[in-house]
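What's in input_23.txt: compact mmCIF, C-alpha atoms
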# COMPACT_ATOMS: atom_id res chain seq x y z
CA MET A 102 195.04 -46.98 39.64
CA VAL A 103 197.09 -44.21 41.22
CA VAL A 104 196.76 -40.85 39.51
CA PRO A 105 200.29 -39.44 39.23
CA HIS A 106 199.37 -35.78 39.83
CA ASP A 107 196.67 -33.85 41.69
CA ASN A 108 196.04 -31.42 38.87
CA TRP A 109 197.64 -29.93 35.75
CA THR A 110 199.62 -27.38 37.76
CA ALA A 111 201.22 -30.14 39.81
CA LEU A 112 201.85 -32.14 36.64
CA ARG A 113 203.50 -29.16 34.96
CA GLU A 114 205.64 -28.35 37.99
CA ALA A 115 206.80 -31.94 38.40
CA GLU A 116 207.57 -32.36 34.72
CA THR A 117 209.37 -29.01 34.56
CA ALA A 118 211.59 -29.95 37.50
CA ARG A 119 212.32 -33.35 35.96
CA MET A 120 213.20 -31.83 32.59
CA LEU A 121 215.45 -29.16 34.08
CA ALA A 122 217.32 -31.83 36.01
CA ALA A 123 217.62 -34.27 33.11
CA CYS A 124 218.35 -32.07 30.09
CA THR A 125 222.05 -31.71 29.24
CA ARG A 126 221.41 -29.23 26.40
CA CYS A 127 223.03 -31.58 23.91
CA GLY A 128 220.78 -30.15 21.20
CA GLU A 129 219.90 -33.48 19.60
CA CYS A 130 216.18 -32.65 19.79
CA PHE A 131 216.78 -29.49 17.79
CA ARG A 132 218.96 -31.27 15.26
CA VAL A 133 216.30 -33.83 14.33
CA CYS A 134 213.29 -31.48 14.37
CA PRO A 135 211.48 -31.49 11.00
CA MET A 136 209.91 -28.08 11.64
CA ILE A 137 213.12 -26.04 11.60
CA ALA A 138 212.63 -25.64 7.85
CA HIS A 139 209.58 -23.54 8.72
CA ALA A 140 211.10 -21.53 11.58
CA PRO A 141 213.50 -19.06 9.90
CA ALA A 142 214.56 -17.40 13.15
CA ALA A 143 215.69 -20.78 14.52
CA GLN A 144 217.65 -21.87 11.47
CA GLY A 145 221.38 -22.06 12.05
CA ALA A 146 221.04 -21.70 15.80
CA ASP A 147 223.45 -23.49 18.14
CA GLY A 148 221.66 -26.53 19.52
CA SER A 149 222.80 -26.05 23.09
CA ALA A 150 221.91 -22.36 23.08
CA ILE A 151 218.43 -22.80 21.63
CA VAL A 152 217.59 -25.57 24.09
CA GLY A 153 218.82 -23.25 26.84
CA GLY A 154 216.35 -20.66 25.56
CA VAL A 155 213.53 -23.19 25.71
CA LEU A 156 214.46 -24.08 29.29
CA ASP A 157 214.32 -20.36 30.09
CA LEU A 158 210.80 -20.16 28.61
CA LEU A 159 209.89 -23.23 30.62
CA GLN A 160 210.79 -21.36 33.80
CA GLY A 161 208.87 -18.21 32.87
CA GLY A 162 211.71 -16.32 31.17
CA ALA A 163 211.54 -14.59 27.81
CA GLY A 164 213.96 -16.91 26.01
CA ASP A 165 215.49 -15.50 22.86
CA GLU A 166 214.17 -15.04 19.34
CA ALA A 167 215.41 -18.41 18.13
CA SER A 168 213.95 -20.39 21.04
CA ARG A 169 210.61 -18.58 20.78
CA ALA A 170 210.50 -19.29 17.03
CA TRP A 171 211.26 -22.99 17.55
CA THR A 172 208.76 -23.33 20.37
CA SER A 173 206.09 -21.61 18.27
CA ALA A 174 206.80 -23.86 15.28
CA CYS A 175 206.58 -27.10 17.28
CA THR A 176 203.69 -29.18 15.92
CA ARG A 177 204.34 -32.23 18.08
CA SER A 178 206.00 -34.36 15.41
CA GLY A 179 207.67 -36.27 18.23
CA VAL A 180 210.82 -37.12 16.28
CA CYS A 181 212.78 -35.62 19.17
CA VAL A 182 211.41 -38.07 21.73
CA PRO A 183 213.41 -41.16 20.71
CA ALA A 184 216.37 -38.93 19.75
CA CYS A 185 216.84 -37.61 23.28
CA PRO A 186 219.61 -39.55 25.08
CA LYS A 187 218.26 -38.55 28.50
CA ALA A 188 214.56 -39.41 27.97
CA VAL A 189 213.57 -35.82 28.65
CA ASN A 190 210.61 -35.97 26.23
CA PRO A 191 211.53 -32.77 24.39
CA MET A 192 208.12 -32.70 22.68
CA MET A 193 206.46 -32.24 26.07
CA MET A 194 209.24 -29.84 27.08
CA LEU A 195 208.41 -27.54 24.17
CA ARG A 196 204.70 -27.86 24.84
CA LEU A 197 205.06 -26.89 28.48
CA ALA A 198 207.42 -24.08 27.48
CA LYS A 199 204.77 -22.80 25.09
CA PHE A 200 202.12 -22.95 27.84
CA ARG A 201 204.33 -20.87 30.12
CA ALA A 202 205.37 -18.45 27.37
CA GLN A 203 201.77 -17.85 26.34
CA GLU A 204 200.69 -17.29 29.92
CA GLY A 205 203.52 -14.79 30.44
CA GLY A 206 203.21 -13.08 27.07
CA ALA A 207 206.55 -14.16 25.60
CA ILE A 208 204.64 -15.93 22.82
CA PRO A 209 201.27 -14.58 21.63
CA PRO A 210 198.35 -16.83 22.59
CA ARG A 211 196.29 -18.56 19.95
CA ASP A 212 193.07 -16.72 19.18
CA SER A 213 190.36 -19.27 19.92
CA ARG A 214 187.53 -16.89 20.78
CA ASP A 215 185.22 -18.16 18.05
CA ALA A 216 186.25 -21.82 18.14
CA MET A 217 183.25 -23.24 19.95
CA ALA A 218 180.76 -20.94 18.21
CA ARG A 219 182.17 -22.25 14.92
CA VAL A 220 181.82 -25.85 16.14
CA LYS A 221 178.14 -25.24 16.92
CA THR A 222 177.51 -23.48 13.62
CA PHE A 223 178.93 -26.36 11.59
CA ALA A 224 176.93 -28.80 13.73
CA ARG A 225 173.73 -27.01 12.74
CA LEU A 226 174.79 -27.29 9.09
CA THR A 227 175.83 -30.95 8.98
CA MET A 228 173.65 -32.64 11.60
CA THR A 229 169.94 -32.91 12.20
CA GLU A 230 168.61 -31.36 15.41
CA GLU A 231 167.98 -34.86 16.72
CA GLU A 232 171.56 -35.92 16.00
CA TRP A 233 173.08 -32.82 17.62
CA GLU A 234 170.91 -33.38 20.69
CA ARG A 235 171.85 -37.06 20.90
CA TRP A 236 175.56 -36.68 20.05
CA GLN A 237 176.55 -34.08 22.67
CA MET B 196 176.85 -53.40 30.31
CA THR B 197 177.10 -49.72 29.44
CA GLN B 198 177.70 -48.97 25.79
CA ASP B 199 181.10 -47.67 24.68
CA LEU B 200 181.41 -43.99 23.86
CA PHE B 201 182.64 -42.67 20.52
CA TRP B 202 184.36 -39.40 21.46
CA TYR B 203 184.48 -37.52 18.17
CA GLY B 204 185.82 -34.27 19.64
CA CYS B 205 184.63 -30.80 18.71
CA ASN B 206 185.80 -29.80 15.24
CA MET B 207 184.35 -32.99 13.73
CA THR B 208 181.01 -31.20 13.59
CA ARG B 209 182.13 -30.10 10.12
CA HIS B 210 181.83 -33.71 9.03
CA GLY B 211 178.51 -35.01 10.35
CA GLU B 212 178.53 -37.81 7.81
CA ILE B 213 181.73 -39.28 9.28
CA ILE B 214 180.14 -39.41 12.73
CA ARG B 215 177.00 -40.95 11.23
CA LEU B 216 178.98 -43.57 9.31
CA SER B 217 181.19 -44.35 12.33
CA GLU B 218 178.20 -44.93 14.59
CA ARG B 219 176.65 -47.22 11.99
CA LEU B 220 179.95 -49.02 11.47
CA MET B 221 180.45 -49.83 15.14
CA SER B 222 176.85 -50.96 15.37
CA VAL B 223 177.09 -53.45 12.48
CA LEU B 224 180.39 -54.71 13.89
CA GLY B 225 178.57 -55.62 17.09
CA ALA B 226 180.34 -53.04 19.25
CA PRO B 227 177.92 -50.10 19.37
CA ALA B 228 179.36 -46.80 20.58
CA GLN B 229 177.39 -43.69 21.48
CA PRO B 230 178.80 -40.56 19.78
CA VAL B 231 179.70 -37.74 22.17
CA GLY B 232 181.40 -34.48 21.34
CA GLY B 233 181.07 -30.76 20.92
CA PRO B 234 181.74 -28.13 23.59
CA THR B 235 180.34 -30.31 26.40
CA THR B 236 183.10 -32.90 26.04
CA CYS B 237 186.13 -30.79 25.22
CA CYS B 238 189.67 -32.03 25.90
CA GLY B 239 190.76 -28.44 26.47
CA SER B 240 193.09 -28.19 23.48
CA VAL B 241 191.24 -25.24 21.97
CA LYS B 242 192.02 -23.28 25.12
CA GLU B 243 195.55 -24.51 25.74
CA SER B 244 196.90 -20.97 25.52
CA THR B 245 195.20 -20.60 28.90
CA PRO B 246 195.91 -23.92 30.61
CA ARG B 247 193.73 -23.19 33.66
CA ILE B 248 190.66 -22.94 31.42
CA ALA B 249 191.77 -25.99 29.42
CA GLU B 250 192.11 -27.98 32.63
CA GLY B 251 188.60 -27.08 33.76
CA MET B 252 187.13 -28.19 30.44
CA ALA B 253 189.14 -31.41 30.44
CA ASN B 254 188.15 -32.25 34.02
CA ARG B 255 184.47 -31.81 33.21
CA THR B 256 184.91 -34.23 30.29
CA MET B 257 186.77 -36.79 32.42
CA ASP B 258 184.05 -36.64 35.07
CA ARG B 259 181.38 -37.15 32.46
CA PHE B 260 183.15 -40.15 30.95
CA ASN B 261 183.80 -41.68 34.36
CA GLU B 262 180.19 -41.21 35.43
CA SER B 263 178.90 -42.76 32.19
CA GLY B 264 180.12 -46.18 33.26
CA ALA B 265 181.45 -46.86 29.75
CA ALA B 266 184.22 -49.45 29.68
CA ARG B 267 185.80 -47.90 26.60
CA VAL B 268 186.05 -44.43 25.13
CA ILE B 269 186.78 -44.74 21.43
CA THR B 270 188.60 -41.66 20.22
CA TRP B 271 188.70 -39.94 16.88
CA CYS B 272 190.55 -36.66 17.29
CA PRO B 273 194.33 -36.94 17.68
CA SER B 274 194.47 -33.86 19.91
CA CYS B 275 191.83 -35.30 22.25
CA HIS B 276 193.63 -38.64 22.30
CA SER B 277 197.01 -37.15 23.17
CA ASN B 278 195.51 -34.81 25.76
CA LEU B 279 193.90 -37.82 27.39
CA ASP B 280 197.25 -39.60 27.41
CA ASP B 281 199.41 -36.67 28.49
CA PHE B 282 197.23 -34.56 30.80
CA MET B 283 193.71 -35.74 31.48
CA GLY B 284 194.58 -39.27 32.58
CA ALA B 285 197.69 -38.08 34.44
CA ALA B 286 195.79 -35.70 36.71
CA ARG B 287 192.35 -37.30 37.08
CA THR B 288 191.15 -40.81 37.79
CA GLN B 289 190.36 -42.62 34.54
CA ARG B 290 187.84 -45.43 34.85
CA PHE B 291 187.80 -46.47 31.19
CA ASP B 292 190.12 -47.77 28.50
CA HIS B 293 190.65 -45.77 25.35
CA LEU B 294 191.69 -46.54 21.82
CA HIS B 295 191.29 -44.93 18.42
CA LEU B 296 188.31 -45.76 16.22
CA ALA B 297 190.57 -47.22 13.52
CA GLN B 298 191.93 -49.71 16.04
CA ALA B 299 188.46 -50.49 17.36
CA VAL B 300 187.25 -51.24 13.83
CA LEU B 301 190.35 -53.27 13.00
CA GLU B 302 189.72 -55.40 16.10
CA ARG B 303 186.54 -56.50 14.34
CA ALA B 304 188.13 -57.17 10.95
CA ASP B 305 186.72 -60.71 10.98
CA VAL B 306 183.21 -59.27 11.15
CA LEU B 307 183.88 -56.41 8.76
CA THR B 308 185.47 -58.38 5.93
CA PRO B 309 182.38 -60.44 4.95
CA LEU B 310 180.30 -57.23 4.93
CA MET B 311 182.40 -55.70 2.17
CA ALA B 312 179.83 -56.12 -0.59
CA ARG B 313 180.90 -53.55 -3.16
CA ARG B 314 184.08 -53.25 -5.18
CA PHE B 315 185.67 -49.82 -5.02
CA ALA B 316 188.49 -49.30 -7.49
CA ALA B 317 191.15 -47.07 -5.97
CA ARG B 318 194.91 -46.89 -5.63
CA VAL B 319 195.21 -45.11 -2.32
CA MET B 320 197.97 -43.38 -0.44
CA VAL B 321 197.34 -42.68 3.22
CA ASP B 322 198.31 -39.24 4.58
CA ARG B 323 200.53 -40.28 7.49
CA HIS B 324 202.25 -38.01 9.99
CA VAL B 325 205.32 -38.86 12.04
CA GLY B 326 203.67 -37.62 15.23
CA ASN B 327 200.77 -40.08 15.19
CA ARG B 328 200.87 -42.02 18.43
CA THR B 329 197.52 -43.78 18.27
CA GLY B 330 198.44 -46.69 16.01
CA VAL B 331 196.53 -45.20 13.09
CA ASN B 332 199.48 -45.15 10.69
CA GLU B 333 199.30 -48.94 10.69
CA ALA B 334 195.58 -49.50 11.33
CA VAL B 335 194.21 -47.34 8.51
CA PRO B 336 196.21 -48.97 5.68
CA ALA B 337 195.23 -52.37 7.11
CA LEU B 338 191.57 -51.36 6.97
CA MET B 339 191.91 -50.07 3.42
CA ARG B 340 193.20 -53.48 2.34
CA LEU B 341 189.89 -55.02 3.47
CA VAL B 342 187.97 -53.12 0.79
CA PRO B 343 187.65 -55.06 -2.48
CA GLY B 344 189.33 -53.19 -5.31
CA VAL B 345 191.48 -50.97 -3.09
CA THR B 346 195.24 -51.15 -3.44
CA VAL B 347 197.37 -49.40 -0.82
CA MET B 348 200.37 -47.85 -2.53
CA ASP B 349 203.57 -48.00 -0.53
CA ASP B 350 205.35 -44.73 0.07
CA ALA B 351 208.03 -43.51 2.42
CA TYR B 352 206.77 -39.97 2.88
CA ARG B 353 205.67 -39.04 6.41
CA ALA B 354 204.58 -35.49 7.14
CA PRO B 355 205.69 -33.51 10.20
CA SER B 356 203.26 -32.94 13.07
CA TYR B 357 200.49 -35.37 13.97
CA MET B 358 197.85 -33.75 11.77
CA CYS B 359 197.60 -31.26 8.91
CA PHE B 360 195.90 -28.60 11.00
CA GLY B 361 198.99 -28.38 13.19
CA LEU B 362 200.97 -27.45 10.10
CA ALA B 363 198.35 -24.87 9.12
CA ASN B 364 199.41 -22.70 12.05
CA VAL B 365 203.05 -22.49 10.92
CA PRO B 366 203.59 -20.23 7.88
CA GLY B 367 204.53 -22.23 4.81
CA ALA B 368 204.33 -25.65 6.45
CA LEU B 369 200.96 -26.81 5.14
CA PRO B 370 201.55 -25.76 1.51
CA ALA B 371 204.91 -27.54 1.61
CA HIS B 372 203.23 -30.69 2.96
CA LYS B 373 200.55 -30.62 0.27
CA GLU B 374 203.11 -30.41 -2.50
CA LYS B 375 205.21 -33.23 -1.04
CA LEU B 376 202.12 -35.37 -0.46
CA VAL B 377 200.84 -34.99 -4.01
CA ALA B 378 204.33 -35.61 -5.42
CA ALA B 379 204.60 -38.78 -3.31
CA ALA B 380 201.15 -39.91 -4.45
CA ARG B 381 202.01 -39.37 -8.11
CA GLU B 382 205.31 -41.19 -7.73
CA ALA B 383 203.60 -44.11 -6.00
CA GLY B 384 200.93 -44.29 -8.69
CA ALA B 385 198.08 -43.43 -6.33
CA ASP B 386 194.86 -41.91 -7.62
CA THR B 387 193.38 -41.24 -4.19
CA ILE B 388 194.72 -39.64 -1.01
CA VAL B 389 193.13 -41.07 2.13
CA THR B 390 193.02 -38.85 5.19
CA ILE B 391 193.07 -40.25 8.70
CA PHE B 392 191.72 -37.37 10.77
CA HIS B 393 189.12 -34.65 10.22
CA SER B 394 191.86 -32.13 10.96
CA CYS B 395 193.72 -33.41 7.90
CA HIS B 396 190.64 -33.96 5.76
CA ARG B 397 189.44 -30.39 5.99
CA GLU B 398 192.87 -29.12 4.90
CA LEU B 399 193.41 -31.62 2.07
CA VAL B 400 190.02 -31.77 0.32
CA VAL B 401 191.08 -28.76 -1.77
CA LEU B 402 193.62 -30.99 -3.54
CA GLU B 403 190.75 -32.28 -5.67
CA ARG B 404 190.34 -28.77 -7.03
CA THR B 405 193.96 -27.61 -7.07
CA HIS B 406 195.74 -30.80 -8.07
CA GLY B 407 193.02 -33.04 -9.54
CA ILE B 408 193.54 -35.92 -7.13
CA ARG B 409 190.70 -37.57 -5.23
CA VAL B 410 190.63 -37.10 -1.44
CA LEU B 411 188.60 -39.37 0.82
CA ASN B 412 188.62 -40.09 4.51
CA TRP B 413 189.24 -43.70 5.51
CA VAL B 414 185.69 -43.97 6.85
CA HIS B 415 184.39 -42.90 3.42
CA VAL B 416 186.40 -45.69 1.80
CA LEU B 417 184.95 -48.28 4.17
CA ALA B 418 181.47 -46.92 3.40
CA GLU B 419 182.17 -47.39 -0.30
CA GLY B 420 183.07 -51.03 0.29
CA LEU B 421 180.01 -51.55 2.46
CA GLY B 422 177.76 -50.00 -0.18
CA TRP B 423 176.57 -47.23 2.12
CA ASP B 424 175.54 -43.86 0.74
CA TYR B 425 177.01 -40.68 2.18
CA ALA B 426 177.76 -37.13 1.09
CA ASP B 427 180.99 -35.29 1.91
CA GLU B 428 179.33 -31.89 2.06
CA TYR B 429 182.30 -30.09 3.61
CA LYS B 430 184.39 -31.06 0.57
CA ALA B 431 181.68 -29.92 -1.81
CA TRP B 432 181.29 -26.59 -0.02
CA ARG B 433 185.03 -26.00 0.29
CA ASN B 434 185.65 -26.67 -3.39
CA SER B 435 182.70 -24.59 -4.53
CA ASP B 436 183.17 -21.16 -6.06
CA ASP B 437 180.24 -19.96 -3.98
CA PRO B 438 179.93 -21.79 -0.64
CA GLU B 439 176.73 -19.96 0.31
CA ALA B 440 175.05 -21.10 -2.88
CA ALA B 441 176.39 -24.63 -2.37
CA ILE B 442 174.96 -24.83 1.13
CA GLY B 443 171.67 -23.29 0.06
CA ALA B 444 169.62 -20.45 1.50
CA GLU B 445 167.20 -22.70 3.34
CA ARG B 446 169.91 -24.53 5.29
CA ILE B 447 171.75 -21.31 6.02
CA ALA B 448 168.57 -19.80 7.41
CA ALA B 449 167.93 -22.90 9.54
CA ALA B 450 171.48 -22.81 10.93
CA GLY B 451 171.41 -19.07 11.58
CA GLU B 452 172.36 -16.67 8.81
CA ASP B 453 174.58 -14.41 10.91
CA ALA B 454 176.55 -17.28 12.42
CA VAL B 455 177.02 -19.08 9.11
CA ARG B 456 178.21 -15.92 7.36
CA LYS B 457 180.52 -14.93 10.20
CA LEU B 458 181.93 -18.32 11.19
CA ALA B 459 181.48 -20.92 8.46
CA VAL B 460 181.59 -19.14 5.10
CA PRO B 461 184.97 -17.40 5.65
CA GLU B 462 186.55 -20.78 6.40
CA LEU B 463 184.97 -22.41 3.35
CA ALA B 464 185.92 -19.51 1.07
CA ARG B 465 189.50 -19.05 2.23
CA PRO B 466 192.25 -19.46 -0.37
CA ARG B 467 192.91 -23.00 -1.42
Structure rendered as C-alpha cells:
Amino acid sequence: MVVPHDNWTALREAETARMLAACTRCGECFRVCPMIAHAPAAQGADGSAIVGGVLDLLQGGAGDEASRAWTSACTRSGVCVPACPKAVNPMMMLRLAKFRAQEGGAIPPRDSRDAMARVKTFARLTMTEEEWERWQ
Amino acid sequence: MTQDLFWYGCNMTRHGEIIRLSERLMSVLGAPAQPVGGPTTCCGSVKESTPRIAEGMANRTMDRFNESGAARVITWCPSCHSNLDDFMGAARTQRFDHLHLAQAVLERADVLTPLMARRFAARVMVDRHVGNRTGVNEAVPALMRLVPGVTVMDDAYRAPSYMCFGLANVPGALPAHKEKLVAAAREAGADTIVTIFHSCHRELVVLERTHGIRVLNWVHVLAEGLGWDYADEYKAWRNSDDPEAAIGAERIAAAGEDAVRKLAVPELARPR
C-alpha cells in the first residue's frame, strides 16, 4: 500500500494547500456546528468571515477573536464534514488550524505535562505489577 | 499466526477491570488479543499541542505494531482510532487492519450469545456522540441486545464531540451534555446509562451520585450477562466523599503516596 505522505509535516502542508484551494468560505460548516453554543465569542459571527479567520490561523496568522474561539471549541463532532459542499473536511481544517495556532501562540497549548505520569499512577492503582508489565 | 493486539490507549489505566474483562472476552470468543497501551504505545494525542512530539510518539507506536506481526490491532480509545485513521496511517506504512473492540466482539456474536448465562435486568440508554466514526454507535446497542434482560431504549439525543472528555475542555459543554443525557434517559424510561469509551465513563460515573441513575460501561454489561465478577473501582473512588480512604492506605503506599496524592486524588475529588 502506498503511504500518501512522508511525514506529518508533509501531510499538514498538503492538506493545508488543498483546503485553501477548495474552501469557498460559504460558512456552512460554521452554521451546522453544535459547539457554537459553548463558544460565546463566536456566536453571531458572519460565517464567511469566521471561516476566513480559521484559514488565516491555518496559514500561521493570528485570526480574530471569533475564529480563535471557534477553533478552540471544536471537539471534532464532525457534523461539518457532510455539510461542506466542497468536501474540504472542515473538521480536519479546524484541527490543523489549532495545531498551527498552538505552535505559533495564537491559541494557548493544552497543558499535558502530567498526563503520562498520571497514566502510570492510575496503572499502579488499578493493575497488578504483572498486568502492567504484560500490558505495556 | 501472531495474536491480535488490543490497543487500549493510555488513559484506560484508570479502568484496569475493563482491560481485564476485554482480554478475557476476546479469549472466550476465540479471538485472543494481547493488551498493549500506556506511554509506550501512545498515538500522540496527549501531545498534539506540539505536533512534532506527537508525531515521534505515534511513529514509535506504528513501528511497534508493524514489527509485532499482528494482523489486527483492535482499538478502544476513540482518539487513538482517529489518529490512526487521520495521521498515523497516512504518514507511515501500516501492516495491519484495525477495528474497534465493539465491532470485533460483535463479529463473534454467534459465539457470544450462547455464553450469556445470567439475566441482567436493565433498561439502558447508550451515551452516543455525533462524532463517533468507529461504528460504535451501532455496535454497542447491538451488543447490549444480546444480554438477557437488557432492553435498549430508543432515543434521538446525540451529544456533540466524539467523547465526553472532549466536552470537558470547553467551559459549560460537559455539564450541558450531562443534563441533556439524563433528561433523555428519563424521557426514554431508561434506568441505566451505558458509556462507550473510558473517556466518557470517567466523566459520567458521577451521575450515579448527582442524579441517581446507574452508569455502566458496555463491557461491564456484557460481564453481567456472562456472570463474570468485576469491580468498577474508579466509579467507587470518584463517588466517594474521601477518595484516599476509599482507595486505602496500603494501596496508596504501594502505588506511591506522593504520586497518588499529586496526580490521582485531585482528579477523583474534583467537583462532580
Residues around (190.8, -39.1, 8.9), cut-off 9 Å, counting all atoms listed in the file - what are they as a list in words? Trp271, Cys272, Asp322, Val335, Val389, Thr390, Ile391, Phe392, His393, Ser394, Cys395, His396, Leu411, Asn412, Trp413 and Val414 of chain B
Residue list for chain B near chain A as a VMD selection string, 7 Å, all atoms listed in the file: chain B and resid 205 to 206 208 to 211 230 to 235 241 to 242 244 to 246 250 282 285 to 288 325 to 326 355 to 357 361 to 362 365 to 368 446 450 454 to 455 458 to 459
Separation of CA of Ser168 (chain A) from CA of Pro183 (chain A), in Å and rounded to one decimal: 20.8 Å
What lies within 10 Å of Ala418 (chain B) using all atoms listed in the file, ignoring chain neighbours under 5 positions off, as an NGL selection string? :B and (213 or 216-217 or 219-220 or 311 or 313 or 315 or 342 or 412-413 or 423-425)
So how many Å separate CA of Ala316 (chain B) and CA of Pro343 (chain B), to one decimal?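 Those two atoms sit 7.7 Å apart.
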Counting only C-alpha atoms, which of B:Ala228, B:Met283, B:Ala383, B:Leu310 gets nearest to Leu421 (chain B)?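 Checking each of B:Ala228, B:Met283, B:Ala383, B:Leu310 against Leu421 (chain B), counting only C-alpha atoms, the winner is B:Leu310.
We find CA of Ala363 (chain B) and CA of Arg397 (chain B) to be spaced 10.9 Å apart.
With all atoms listed in the file as the atoms that count, the residue of A:Gly205, A:Gly128, A:Gly153, A:Gly164 with the shortest distance to Pro186 (chain A) is A:Gly128.
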